[in-house]
Amino acid sequence: MTNNFVWLDGKIIEKSQAKISALSPSANFGLNVFEGVRCYKAFNNKEINIFRLEDHVARLQMSSKIMCIENNVNESIILDAILSLINANKISEDSYVRIVLLVDDEGSWHQSGPSKMLVTLIPRPRHDIDNLPHYTANVSSWTRIEDNMMPPRVKAGANYINSRYGFLQAKKDGYDLPIFLDRNGKVTESSGSCLFIIRDGTLFTPPLSSSVLESITRSCIFNLAEDLNLPLIERNIDRTELYISDEVFLCGSAVEISPIVSIDQYSIADGLPGSLSCLLLQKYLEIVSNPDQKYSKWVKSVSIL
Ligand code: PMP
């Protein structure tokens, strides 16, 4: 398994040969929109399950629309690119695909096109449920970007500069990850994931209008919570609620479901990954590798033989 080959503008090429113009708005101003999609080895060891591709393509188009980035891509072009990459890189394990729309022409930051698509794939294993990382977080002193400024709903590379400030500060201060508040002091999300708390058996998460990405994994949690008869409420979350929650976890395509064991050095309950968070993760990992009929629409299975 390698990540030597990438897909750029319709062709599989060696990553060292993938070039964009030195005068492009993407190179100079960070103009892009992107998606991160998981590909999981299926339970039968014969297939790779591309997870929720249709939803990622829809969000890529939503981001492009808001950012005014012209493109001609669709799900079948992206699926072909992923299949070619799985073959070229001889992928037979879990991996992570990034799909990036770049404005690659000479021009400035206000240019809308023409765009190019870059698709890359790197090996990335799923969580080992018996050996979960014990993530710590701080409440960042950096405020989350907001809809009328740099809309977090748009998955634009430039939004990750706000994530970067918070993440670097968290690391310097000895934490794994930041949790951002909005300008009113309400909890939003982390640098690359959404957030849930659990209090007395009920899940709470900030609404989609509170400076968060419209996370696809977040939407999976809604289904899983319903299956497990766990009440789930979307509402604003106060900073101090983080400290007194029974469980806190982050969710995202890359981090899957990741329990947080302490925030600002307040231990979350007993300081271990929470039992409901682990149960949700276990169900999630079952679905990604062996979806039942209800969830088969979330998975595109491709043969690796
Ligand atoms: N919020 C941010 C800022 C993210 O970067 C991500 C990762 N894409 C998420 C939330 C989770 O989104 P998803 O579940 O669609 O991967």
# chains A, B, ... in the order shown; residues from 1 in each chain; ligands from 1
call {"tool": "residues_around", "arguments": {"residues": "Ser115 of chain A", "least_positions_apart": "4", "cutoff": "10 Å", "atoms": "only C-alpha atoms", "output": "list in words"}}
result
Asp9, Ser26, Asn32, Ile69, Glu70, Asn71, Asn72, Val73, Val100, Leu101, Leu102, Val103, Asp104, Asp105 and Gln111 of chain A
call {"tool": "residues_near_ligand", "arguments": {"ligand": "ligand 1", "cutoff": "8 Å", "atoms": "only C-alpha atoms and all ligand atoms", "output": "list in words"}}
result
Glu35, Gly36, Val37, His56, Pro152, Lys155, Asn159, Tyr160, Ser163, Glu189, Ser190, Ser191, Gly192, Ser193, Cys194, Val212, Leu213, Glu214, Ser215, Ile216, Thr217, Arg218, Ser219, Cys251, Gly252, Ser253, Ala254 and Glu256 of chain A
call {"tool": "write_last_selection", "arguments": {"atoms": "N, CA and C atoms", "output": "compact mmCIF listing (two decimals), in the first residue's frame"}}
result
# COMPACT_ATOMS: atom_id res chain seq x y z
N GLU A 35 -13.12 17.91 0.45
CA GLU A 35 -13.83 16.90 1.23
C GLU A 35 -12.84 15.84 1.70
N GLY A 36 -13.14 15.22 2.82
CA GLY A 36 -12.35 14.08 3.30
C GLY A 36 -13.27 12.89 3.46
N VAL A 37 -12.99 11.84 2.72
CA VAL A 37 -13.89 10.67 2.67
C VAL A 37 -13.14 9.44 3.16
N HIS A 56 -20.80 13.44 0.68
CA HIS A 56 -19.60 14.28 0.56
C HIS A 56 -19.62 15.06 -0.75
N PRO A 152 -18.35 28.61 8.48
CA PRO A 152 -17.84 27.28 8.80
C PRO A 152 -18.59 26.17 8.07
N LYS A 155 -16.67 23.98 3.48
CA LYS A 155 -15.43 23.26 3.79
C LYS A 155 -14.33 23.80 2.89
N ASN A 159 -10.62 28.09 5.89
CA ASN A 159 -11.23 28.03 7.23
C ASN A 159 -10.31 27.34 8.24
N TYR A 160 -9.43 26.51 7.73
CA TYR A 160 -8.56 25.74 8.63
C TYR A 160 -7.42 26.58 9.21
N SER A 163 -8.74 26.97 12.52
CA SER A 163 -8.46 25.69 13.22
C SER A 163 -7.00 25.62 13.63
N GLU A 189 -17.32 23.81 17.85
CA GLU A 189 -16.77 22.53 17.42
C GLU A 189 -15.27 22.54 17.68
N SER A 190 -14.59 21.48 17.27
CA SER A 190 -13.13 21.42 17.41
C SER A 190 -12.49 21.84 16.08
N SER A 191 -11.19 21.62 15.95
CA SER A 191 -10.49 22.11 14.76
C SER A 191 -10.84 21.33 13.49
N GLY A 192 -11.26 20.07 13.66
CA GLY A 192 -11.62 19.28 12.48
C GLY A 192 -12.70 18.27 12.79
N SER A 193 -13.58 18.63 13.72
CA SER A 193 -14.62 17.67 14.12
C SER A 193 -15.73 18.40 14.87
N CYS A 194 -16.91 17.78 14.89
CA CYS A 194 -18.04 18.31 15.67
C CYS A 194 -18.02 17.72 17.07
N VAL A 212 -20.74 25.66 12.93
CA VAL A 212 -20.15 24.33 12.78
C VAL A 212 -20.28 23.89 11.32
N LEU A 213 -19.42 22.96 10.93
CA LEU A 213 -19.58 22.34 9.62
C LEU A 213 -20.80 21.42 9.65
N GLU A 214 -21.50 21.31 8.52
CA GLU A 214 -22.64 20.37 8.45
C GLU A 214 -22.05 18.97 8.33
N SER A 215 -21.61 18.46 9.46
CA SER A 215 -20.83 17.22 9.50
C SER A 215 -21.67 16.00 9.12
N ILE A 216 -21.08 15.17 8.30
CA ILE A 216 -21.75 13.94 7.87
C ILE A 216 -21.72 12.91 9.00
N THR A 217 -20.62 12.86 9.74
CA THR A 217 -20.55 11.92 10.87
C THR A 217 -21.56 12.33 11.95
N ARG A 218 -21.71 13.64 12.14
CA ARG A 218 -22.71 14.15 13.09
C ARG A 218 -24.08 13.59 12.74
N SER A 219 -24.39 13.60 11.44
CA SER A 219 -25.71 13.09 11.03
C SER A 219 -25.80 11.58 11.28
N CYS A 251 -16.63 14.08 16.68
CA CYS A 251 -16.94 13.18 15.58
C CYS A 251 -16.57 13.83 14.25
N GLY A 252 -16.13 12.99 13.33
CA GLY A 252 -15.78 13.46 12.00
C GLY A 252 -15.29 12.28 11.18
N SER A 253 -15.23 12.47 9.87
CA SER A 253 -14.80 11.36 9.01
C SER A 253 -13.41 10.87 9.43
N ALA A 254 -12.51 11.80 9.75
CA ALA A 254 -11.15 11.40 10.11
C ALA A 254 -11.09 10.84 11.52
N GLU A 256 -13.55 9.80 13.40
CA GLU A 256 -14.67 8.87 13.66
C GLU A 256 -15.42 9.36 14.91
call {"tool": "closest_residue", "arguments": {"among": "A:Ala158, A:Leu85, A:Val97, A:Ile237", "to": "Thr188 of chain A", "atoms": "only C-alpha atoms"}}
result
A:Ile237
call {"tool": "closest_residue", "arguments": {"among": "A:Pro133, A:Pro231, A:Pro25, A:Pro273", "to": "Phe204 of chain A", "atoms": "only C-alpha atoms"}}
result
A:Pro231
call {"tool": "closest_residue", "arguments": {"among": "A:Asp246, A:Asp238, A:Asp128, A:Glu47", "to": "Leu83 of chain A", "atoms": "only C-alpha atoms"}}
result
A:Glu47
call {"tool": "select_by_dssp", "arguments": {"residues": "segment 94-286 of chain A", "states": "helix (DSSP H, G or I)", "output": "PyMOL selection string"}}
result
chain A and resi 157-172+216-227+239-244+275-286
call {"tool": "select_by_dssp", "arguments": {"residues": "segment 76-108 of chain A", "states": "strand (DSSP E or B)", "output": "list in words"}}
result
Ser95, Tyr96, Val97, Arg98, Ile99, Val100, Leu101, Leu102 and Val103 of chain A
call {"tool": "residues_around", "arguments": {"residues": "Leu121 of chain A", "least_positions_apart": "4", "cutoff": "10 Å", "atoms": "only C-alpha atoms", "output": "ChimeraX atom specification"}}
result
/A:2-7,36-39,82,85-86,89,91,95-99
call {"tool": "write_last_selection", "arguments": {"atoms": "N, CA and C atoms", "output": "PDB file, in the first residue's frame"}}
result
ATOM      1  N   THR A   2       0.612   2.163  -0.931  1.00  0.00           N
ATOM      2  CA  THR A   2       1.416   3.389  -0.977  1.00  0.00           C
ATOM      3  C   THR A   2       0.481   4.591  -1.105  1.00  0.00           C
ATOM      4  N   ASN A   3       1.062   5.758  -1.110  1.00  0.00           N
ATOM      5  CA  ASN A   3       0.290   6.939  -1.515  1.00  0.00           C
ATOM      6  C   ASN A   3       1.078   7.673  -2.604  1.00  0.00           C
ATOM      7  N   ASN A   4       1.765   6.884  -3.447  1.00  0.00           N
ATOM      8  CA  ASN A   4       2.643   7.474  -4.469  1.00  0.00           C
ATOM      9  C   ASN A   4       1.900   8.128  -5.617  1.00  0.00           C
ATOM     10  N   PHE A   5       0.659   7.659  -5.848  1.00  0.00           N
ATOM     11  CA  PHE A   5      -0.072   8.178  -7.006  1.00  0.00           C
ATOM     12  C   PHE A   5      -1.240   9.055  -6.565  1.00  0.00           C
ATOM     13  N   VAL A   6      -1.427  10.125  -7.317  1.00  0.00           N
ATOM     14  CA  VAL A   6      -2.565  11.015  -7.063  1.00  0.00           C
ATOM     15  C   VAL A   6      -3.344  11.174  -8.371  1.00  0.00           C
ATOM     16  N   TRP A   7      -4.538  11.688  -8.252  1.00  0.00           N
ATOM     17  CA  TRP A   7      -5.389  11.912  -9.431  1.00  0.00           C
ATOM     18  C   TRP A   7      -5.533  13.425  -9.583  1.00  0.00           C
ATOM     19  N   GLY A  36     -13.137  15.218   2.821  1.00  0.00           N
ATOM     20  CA  GLY A  36     -12.346  14.081   3.301  1.00  0.00           C
ATOM     21  C   GLY A  36     -13.271  12.886   3.462  1.00  0.00           C
ATOM     22  N   VAL A  37     -12.990  11.838   2.717  1.00  0.00           N
ATOM     23  CA  VAL A  37     -13.887  10.672   2.665  1.00  0.00           C
ATOM     24  C   VAL A  37     -13.136   9.445   3.160  1.00  0.00           C
ATOM     25  N   ARG A  38     -13.799   8.619   3.957  1.00  0.00           N
ATOM     26  CA  ARG A  38     -13.169   7.397   4.445  1.00  0.00           C
ATOM     27  C   ARG A  38     -13.481   6.213   3.535  1.00  0.00           C
ATOM     28  N   CYS A  39     -12.471   5.364   3.340  1.00  0.00           N
ATOM     29  CA  CYS A  39     -12.669   4.103   2.640  1.00  0.00           C
ATOM     30  C   CYS A  39     -12.267   2.993   3.611  1.00  0.00           C
ATOM     31  N   ILE A  82     -11.466   7.740  -7.328  1.00  0.00           N
ATOM     32  CA  ILE A  82     -11.139   6.962  -6.118  1.00  0.00           C
ATOM     33  C   ILE A  82     -10.776   5.528  -6.505  1.00  0.00           C
ATOM     34  N   LEU A  85      -7.368   5.385  -7.893  1.00  0.00           N
ATOM     35  CA  LEU A  85      -6.358   5.559  -6.843  1.00  0.00           C
ATOM     36  C   LEU A  85      -6.199   4.303  -5.998  1.00  0.00           C
ATOM     37  N   ILE A  86      -7.310   3.631  -5.714  1.00  0.00           N
ATOM     38  CA  ILE A  86      -7.239   2.385  -4.934  1.00  0.00           C
ATOM     39  C   ILE A  86      -6.377   1.380  -5.704  1.00  0.00           C
ATOM     40  N   ASN A  89      -2.521   2.692  -6.099  1.00  0.00           N
ATOM     41  CA  ASN A  89      -1.761   2.644  -4.837  1.00  0.00           C
ATOM     42  C   ASN A  89      -1.866   1.283  -4.141  1.00  0.00           C
ATOM     43  N   ILE A  91      -4.326  -0.300  -2.715  1.00  0.00           N
ATOM     44  CA  ILE A  91      -4.918  -0.154  -1.377  1.00  0.00           C
ATOM     45  C   ILE A  91      -5.779  -1.373  -1.053  1.00  0.00           C
ATOM     46  N   SER A  95      -8.406   3.567   4.396  1.00  0.00           N
ATOM     47  CA  SER A  95      -7.691   4.743   3.883  1.00  0.00           C
ATOM     48  C   SER A  95      -8.576   5.983   3.958  1.00  0.00           C
ATOM     49  N   TYR A  96      -7.987   7.094   3.608  1.00  0.00           N
ATOM     50  CA  TYR A  96      -8.655   8.396   3.696  1.00  0.00           C
ATOM     51  C   TYR A  96      -8.421   9.129   2.378  1.00  0.00           C
ATOM     52  N   VAL A  97      -9.494   9.553   1.758  1.00  0.00           N
ATOM     53  CA  VAL A  97      -9.405  10.216   0.454  1.00  0.00           C
ATOM     54  C   VAL A  97      -9.690  11.701   0.629  1.00  0.00           C
ATOM     55  N   ARG A  98      -8.862  12.528   0.030  1.00  0.00           N
ATOM     56  CA  ARG A  98      -9.150  13.969   0.037  1.00  0.00           C
ATOM     57  C   ARG A  98      -9.440  14.411  -1.391  1.00  0.00           C
ATOM     58  N   ILE A  99     -10.532  15.135  -1.543  1.00  0.00           N
ATOM     59  CA  ILE A  99     -10.964  15.629  -2.858  1.00  0.00           C
ATOM     60  C   ILE A  99     -10.901  17.152  -2.781  1.00  0.00           C
TER      61      ILE A  99
END
call {"tool": "closest_residue", "arguments": {"among": "A:Asp264, A:Val33, A:Pro125, A:Gly107", "to": "Asp173 of chain A", "atoms": "only C-alpha atoms"}}
result
A:Asp264
call {"tool": "residues_around", "arguments": {"residues": "Phe249 of chain A", "least_positions_apart": "6", "cutoff": "9 Å", "atoms": "only C-alpha atoms", "output": "MDAnalysis selection string"}}
result
chainID A and resid 194:198 257:261 273:274 277
call {"tool": "write_last_selection", "arguments": {"atoms": "N, CA and C atoms", "output": "compact mmCIF listing (two decimals), in the first residue's frame"}}
result
# COMPACT_ATOMS: atom_id res chain seq x y z
N CYS A 194 -16.91 17.78 14.89
CA CYS A 194 -18.04 18.31 15.67
C CYS A 194 -18.02 17.72 17.07
N LEU A 195 -18.87 18.26 17.94
CA LEU A 195 -18.79 17.89 19.36
C LEU A 195 -20.17 17.51 19.91
N PHE A 196 -20.15 16.48 20.72
CA PHE A 196 -21.35 16.06 21.48
C PHE A 196 -20.98 15.98 22.95
N ILE A 197 -21.94 16.31 23.81
CA ILE A 197 -21.79 15.98 25.23
C ILE A 197 -22.91 15.02 25.60
N ILE A 198 -22.71 14.28 26.67
CA ILE A 198 -23.77 13.40 27.19
C ILE A 198 -23.98 13.74 28.66
N ILE A 257 -15.42 8.55 15.98
CA ILE A 257 -16.00 9.02 17.24
C ILE A 257 -14.85 8.94 18.25
N SER A 258 -14.45 10.10 18.77
CA SER A 258 -13.26 10.16 19.63
C SER A 258 -13.62 10.75 20.99
N PRO A 259 -13.64 9.91 22.02
CA PRO A 259 -13.95 10.44 23.36
C PRO A 259 -12.87 11.40 23.85
N ILE A 260 -13.31 12.43 24.58
CA ILE A 260 -12.40 13.38 25.22
C ILE A 260 -12.43 13.07 26.72
N VAL A 261 -11.27 12.95 27.33
CA VAL A 261 -11.26 12.52 28.74
C VAL A 261 -11.04 13.69 29.71
N PRO A 273 -12.55 7.04 28.47
CA PRO A 273 -13.56 7.13 27.40
C PRO A 273 -14.91 6.62 27.91
N GLY A 274 -15.97 7.40 27.67
CA GLY A 274 -17.28 7.07 28.22
C GLY A 274 -17.91 5.84 27.56
N SER A 277 -20.18 6.64 24.53
CA SER A 277 -19.34 7.05 23.37
C SER A 277 -18.74 5.81 22.71
call {"tool": "residues_around", "arguments": {"residues": "Pro206 of chain A", "least_positions_apart": "4", "cutoff": "6 Å", "atoms": "only C-alpha atoms", "output": "list in words"}}
result
Glu234, Arg235 and Asn236 of chain A
call {"tool": "residues_around", "arguments": {"residues": "Leu230 of chain A", "least_positions_apart": "5", "cutoff": "8 Å", "atoms": "only C-alpha atoms", "output": "PyMOL selection string"}}
result
chain A and resi 201-203+225
call {"tool": "write_last_selection", "arguments": {"atoms": "C-alpha atoms", "output": "JSON list (two decimals), in the first residue's frame"}}
result
[["chain", "number", "residue", "atom", "x", "y", "z"],
["A", 201, "GLY", "CA", -28.05, 9.60, 29.19],
["A", 202, "THR", "CA", -29.06, 12.40, 26.78],
["A", 203, "LEU", "CA", -26.85, 13.54, 23.92],
["A", 225, "ALA", "CA", -28.67, 7.45, 18.85]]
call {"tool": "atom_distance", "arguments": {"atom1": "atom CA of Glu106 of chain A", "atom2": "atom CA of Met67 of chain A"}}
result
18.2 Å
call {"tool": "residues_around", "arguments": {"residues": "Arg183 of chain A", "least_positions_apart": "2", "cutoff": "7 Å", "atoms": "only C-alpha atoms", "output": "list in words"}}
result
Thr143, Leu181 and Gly185 of chain A
call {"tool": "closest_residue", "arguments": {"among": "A:Thr205, A:Val119, A:Asp182, A:Trp109", "to": "Ala27 of chain A", "atoms": "only C-alpha atoms"}}
result
A:Trp109
call {"tool": "atom_distance", "arguments": {"atom1": "atom CA of Ile268 of chain A", "atom2": "atom CA of Val187 of chain A"}}
result
16.1 Å
call {"tool": "decode", "arguments": {"residues": "segment 233-244 of chain A", "atoms": "all heavy atoms", "output": "PDB file, in the first residue's frame"}}
result
ATOM      1  N   ILE A 233     -30.586  15.963  21.649  1.00  0.00           N
ATOM      2  CA  ILE A 233     -31.149  17.320  21.549  1.00  0.00           C
ATOM      3  C   ILE A 233     -30.093  18.257  20.949  1.00  0.00           C
ATOM      4  O   ILE A 233     -28.945  18.256  21.391  1.00  0.00           O
ATOM      5  CB  ILE A 233     -31.586  17.837  22.949  1.00  0.00           C
ATOM      6  CG1 ILE A 233     -32.693  16.920  23.499  1.00  0.00           C
ATOM      7  CG2 ILE A 233     -32.050  19.286  22.903  1.00  0.00           C
ATOM      8  CD1 ILE A 233     -33.097  17.210  24.938  1.00  0.00           C
ATOM      9  N   GLU A 234     -30.527  19.032  19.938  1.00  0.00           N
ATOM     10  CA  GLU A 234     -29.652  20.080  19.387  1.00  0.00           C
ATOM     11  C   GLU A 234     -29.961  21.368  20.134  1.00  0.00           C
ATOM     12  O   GLU A 234     -31.099  21.855  20.075  1.00  0.00           O
ATOM     13  CB  GLU A 234     -29.967  20.309  17.909  1.00  0.00           C
ATOM     14  CG  GLU A 234     -29.507  19.226  16.995  1.00  0.00           C
ATOM     15  CD  GLU A 234     -29.940  19.523  15.554  1.00  0.00           C
ATOM     16  OE1 GLU A 234     -31.135  19.300  15.249  1.00  0.00           O
ATOM     17  OE2 GLU A 234     -29.111  19.980  14.768  1.00  0.00           O
ATOM     18  N   ARG A 235     -28.979  21.889  20.825  1.00  0.00           N
ATOM     19  CA  ARG A 235     -29.163  23.173  21.515  1.00  0.00           C
ATOM     20  C   ARG A 235     -27.796  23.778  21.831  1.00  0.00           C
ATOM     21  O   ARG A 235     -26.776  23.096  21.755  1.00  0.00           O
ATOM     22  CB  ARG A 235     -29.994  23.010  22.793  1.00  0.00           C
ATOM     23  CG  ARG A 235     -29.323  22.216  23.900  1.00  0.00           C
ATOM     24  CD  ARG A 235     -29.864  22.669  25.264  1.00  0.00           C
ATOM     25  NE  ARG A 235     -29.453  21.837  26.372  1.00  0.00           N
ATOM     26  CZ  ARG A 235     -28.251  21.887  26.956  1.00  0.00           C
ATOM     27  NH1 ARG A 235     -27.305  22.697  26.494  1.00  0.00           N
ATOM     28  NH2 ARG A 235     -27.974  21.111  27.998  1.00  0.00           N
ATOM     29  N   ASN A 236     -27.807  25.063  22.181  1.00  0.00           N
ATOM     30  CA  ASN A 236     -26.550  25.698  22.574  1.00  0.00           C
ATOM     31  C   ASN A 236     -25.964  24.994  23.790  1.00  0.00           C
ATOM     32  O   ASN A 236     -26.711  24.545  24.666  1.00  0.00           O
ATOM     33  CB  ASN A 236     -26.784  27.171  22.934  1.00  0.00           C
ATOM     34  CG  ASN A 236     -27.012  28.003  21.690  1.00  0.00           C
ATOM     35  OD1 ASN A 236     -26.583  27.606  20.600  1.00  0.00           O
ATOM     36  ND2 ASN A 236     -27.687  29.120  21.841  1.00  0.00           N
ATOM     37  N   ILE A 237     -24.639  24.942  23.831  1.00  0.00           N
ATOM     38  CA  ILE A 237     -23.953  24.317  24.964  1.00  0.00           C
ATOM     39  C   ILE A 237     -23.047  25.358  25.593  1.00  0.00           C
ATOM     40  O   ILE A 237     -22.294  26.055  24.905  1.00  0.00           O
ATOM     41  CB  ILE A 237     -23.141  23.089  24.484  1.00  0.00           C
ATOM     42  CG1 ILE A 237     -24.107  22.000  23.984  1.00  0.00           C
ATOM     43  CG2 ILE A 237     -22.240  22.553  25.599  1.00  0.00           C
ATOM     44  CD1 ILE A 237     -23.413  20.777  23.391  1.00  0.00           C
ATOM     45  N   ASP A 238     -23.154  25.477  26.925  1.00  0.00           N
ATOM     46  CA  ASP A 238     -22.288  26.407  27.667  1.00  0.00           C
ATOM     47  C   ASP A 238     -20.930  25.772  27.915  1.00  0.00           C
ATOM     48  O   ASP A 238     -20.813  24.553  28.037  1.00  0.00           O
ATOM     49  CB  ASP A 238     -22.906  26.734  29.036  1.00  0.00           C
ATOM     50  CG  ASP A 238     -24.099  27.669  28.925  1.00  0.00           C
ATOM     51  OD1 ASP A 238     -24.142  28.471  27.967  1.00  0.00           O
ATOM     52  OD2 ASP A 238     -24.977  27.588  29.797  1.00  0.00           O
ATOM     53  N   ARG A 239     -19.940  26.638  28.076  1.00  0.00           N
ATOM     54  CA  ARG A 239     -18.581  26.160  28.383  1.00  0.00           C
ATOM     55  C   ARG A 239     -18.560  25.278  29.634  1.00  0.00           C
ATOM     56  O   ARG A 239     -17.964  24.201  29.649  1.00  0.00           O
ATOM     57  CB  ARG A 239     -17.685  27.385  28.610  1.00  0.00           C
ATOM     58  CG  ARG A 239     -16.317  27.018  29.105  1.00  0.00           C
ATOM     59  CD  ARG A 239     -15.486  28.266  29.371  1.00  0.00           C
ATOM     60  NE  ARG A 239     -14.104  27.880  29.523  1.00  0.00           N
ATOM     61  CZ  ARG A 239     -13.075  28.675  29.272  1.00  0.00           C
ATOM     62  NH1 ARG A 239     -13.263  29.889  28.846  1.00  0.00           N
ATOM     63  NH2 ARG A 239     -11.851  28.230  29.431  1.00  0.00           N
ATOM     64  N   THR A 240     -19.251  25.734  30.708  1.00  0.00           N
ATOM     65  CA  THR A 240     -19.160  24.982  31.971  1.00  0.00           C
ATOM     66  C   THR A 240     -19.861  23.630  31.878  1.00  0.00           C
ATOM     67  O   THR A 240     -19.569  22.727  32.663  1.00  0.00           O
ATOM     68  CB  THR A 240     -19.741  25.794  33.154  1.00  0.00           C
ATOM     69  OG1 THR A 240     -21.016  26.290  32.756  1.00  0.00           O
ATOM     70  CG2 THR A 240     -18.815  26.927  33.535  1.00  0.00           C
ATOM     71  N   GLU A 241     -20.777  23.490  30.914  1.00  0.00           N
ATOM     72  CA  GLU A 241     -21.405  22.166  30.746  1.00  0.00           C
ATOM     73  C   GLU A 241     -20.387  21.128  30.296  1.00  0.00           C
ATOM     74  O   GLU A 241     -20.543  19.941  30.574  1.00  0.00           O
ATOM     75  CB  GLU A 241     -22.518  22.243  29.705  1.00  0.00           C
ATOM     76  CG  GLU A 241     -23.788  22.888  30.178  1.00  0.00           C
ATOM     77  CD  GLU A 241     -24.873  22.683  29.148  1.00  0.00           C
ATOM     78  OE1 GLU A 241     -24.864  23.447  28.151  1.00  0.00           O
ATOM     79  OE2 GLU A 241     -25.695  21.768  29.309  1.00  0.00           O
ATOM     80  N   LEU A 242     -19.359  21.616  29.583  1.00  0.00           N
ATOM     81  CA  LEU A 242     -18.321  20.671  29.142  1.00  0.00           C
ATOM     82  C   LEU A 242     -17.696  19.997  30.367  1.00  0.00           C
ATOM     83  O   LEU A 242     -17.444  18.801  30.384  1.00  0.00           O
ATOM     84  CB  LEU A 242     -17.219  21.393  28.359  1.00  0.00           C
ATOM     85  CG  LEU A 242     -17.608  22.058  27.040  1.00  0.00           C
ATOM     86  CD1 LEU A 242     -16.429  22.881  26.522  1.00  0.00           C
ATOM     87  CD2 LEU A 242     -18.018  21.011  26.006  1.00  0.00           C
ATOM     88  N   TYR A 243     -17.445  20.828  31.396  1.00  0.00           N
ATOM     89  CA  TYR A 243     -16.703  20.331  32.555  1.00  0.00           C
ATOM     90  C   TYR A 243     -17.510  19.322  33.382  1.00  0.00           C
ATOM     91  O   TYR A 243     -16.928  18.468  34.044  1.00  0.00           O
ATOM     92  CB  TYR A 243     -16.289  21.497  33.479  1.00  0.00           C
ATOM     93  CG  TYR A 243     -15.500  22.605  32.792  1.00  0.00           C
ATOM     94  CD1 TYR A 243     -15.594  23.919  33.240  1.00  0.00           C
ATOM     95  CD2 TYR A 243     -14.662  22.345  31.712  1.00  0.00           C
ATOM     96  CE1 TYR A 243     -14.870  24.945  32.635  1.00  0.00           C
ATOM     97  CE2 TYR A 243     -13.939  23.362  31.099  1.00  0.00           C
ATOM     98  CZ  TYR A 243     -14.047  24.663  31.551  1.00  0.00           C
ATOM     99  OH  TYR A 243     -13.339  25.668  30.956  1.00  0.00           O
ATOM    100  N   ILE A 244     -18.838  19.456  33.350  1.00  0.00           N
ATOM    101  CA  ILE A 244     -19.663  18.602  34.226  1.00  0.00           C
ATOM    102  C   ILE A 244     -20.384  17.502  33.460  1.00  0.00           C
ATOM    103  O   ILE A 244     -21.209  16.794  34.026  1.00  0.00           O
ATOM    104  CB  ILE A 244     -20.698  19.455  34.995  1.00  0.00           C
ATOM    105  CG1 ILE A 244     -21.564  20.242  34.010  1.00  0.00           C
ATOM    106  CG2 ILE A 244     -19.997  20.375  36.002  1.00  0.00           C
ATOM    107  CD1 ILE A 244     -22.806  20.851  34.631  1.00  0.00           C
TER     108      ILE A 244
END
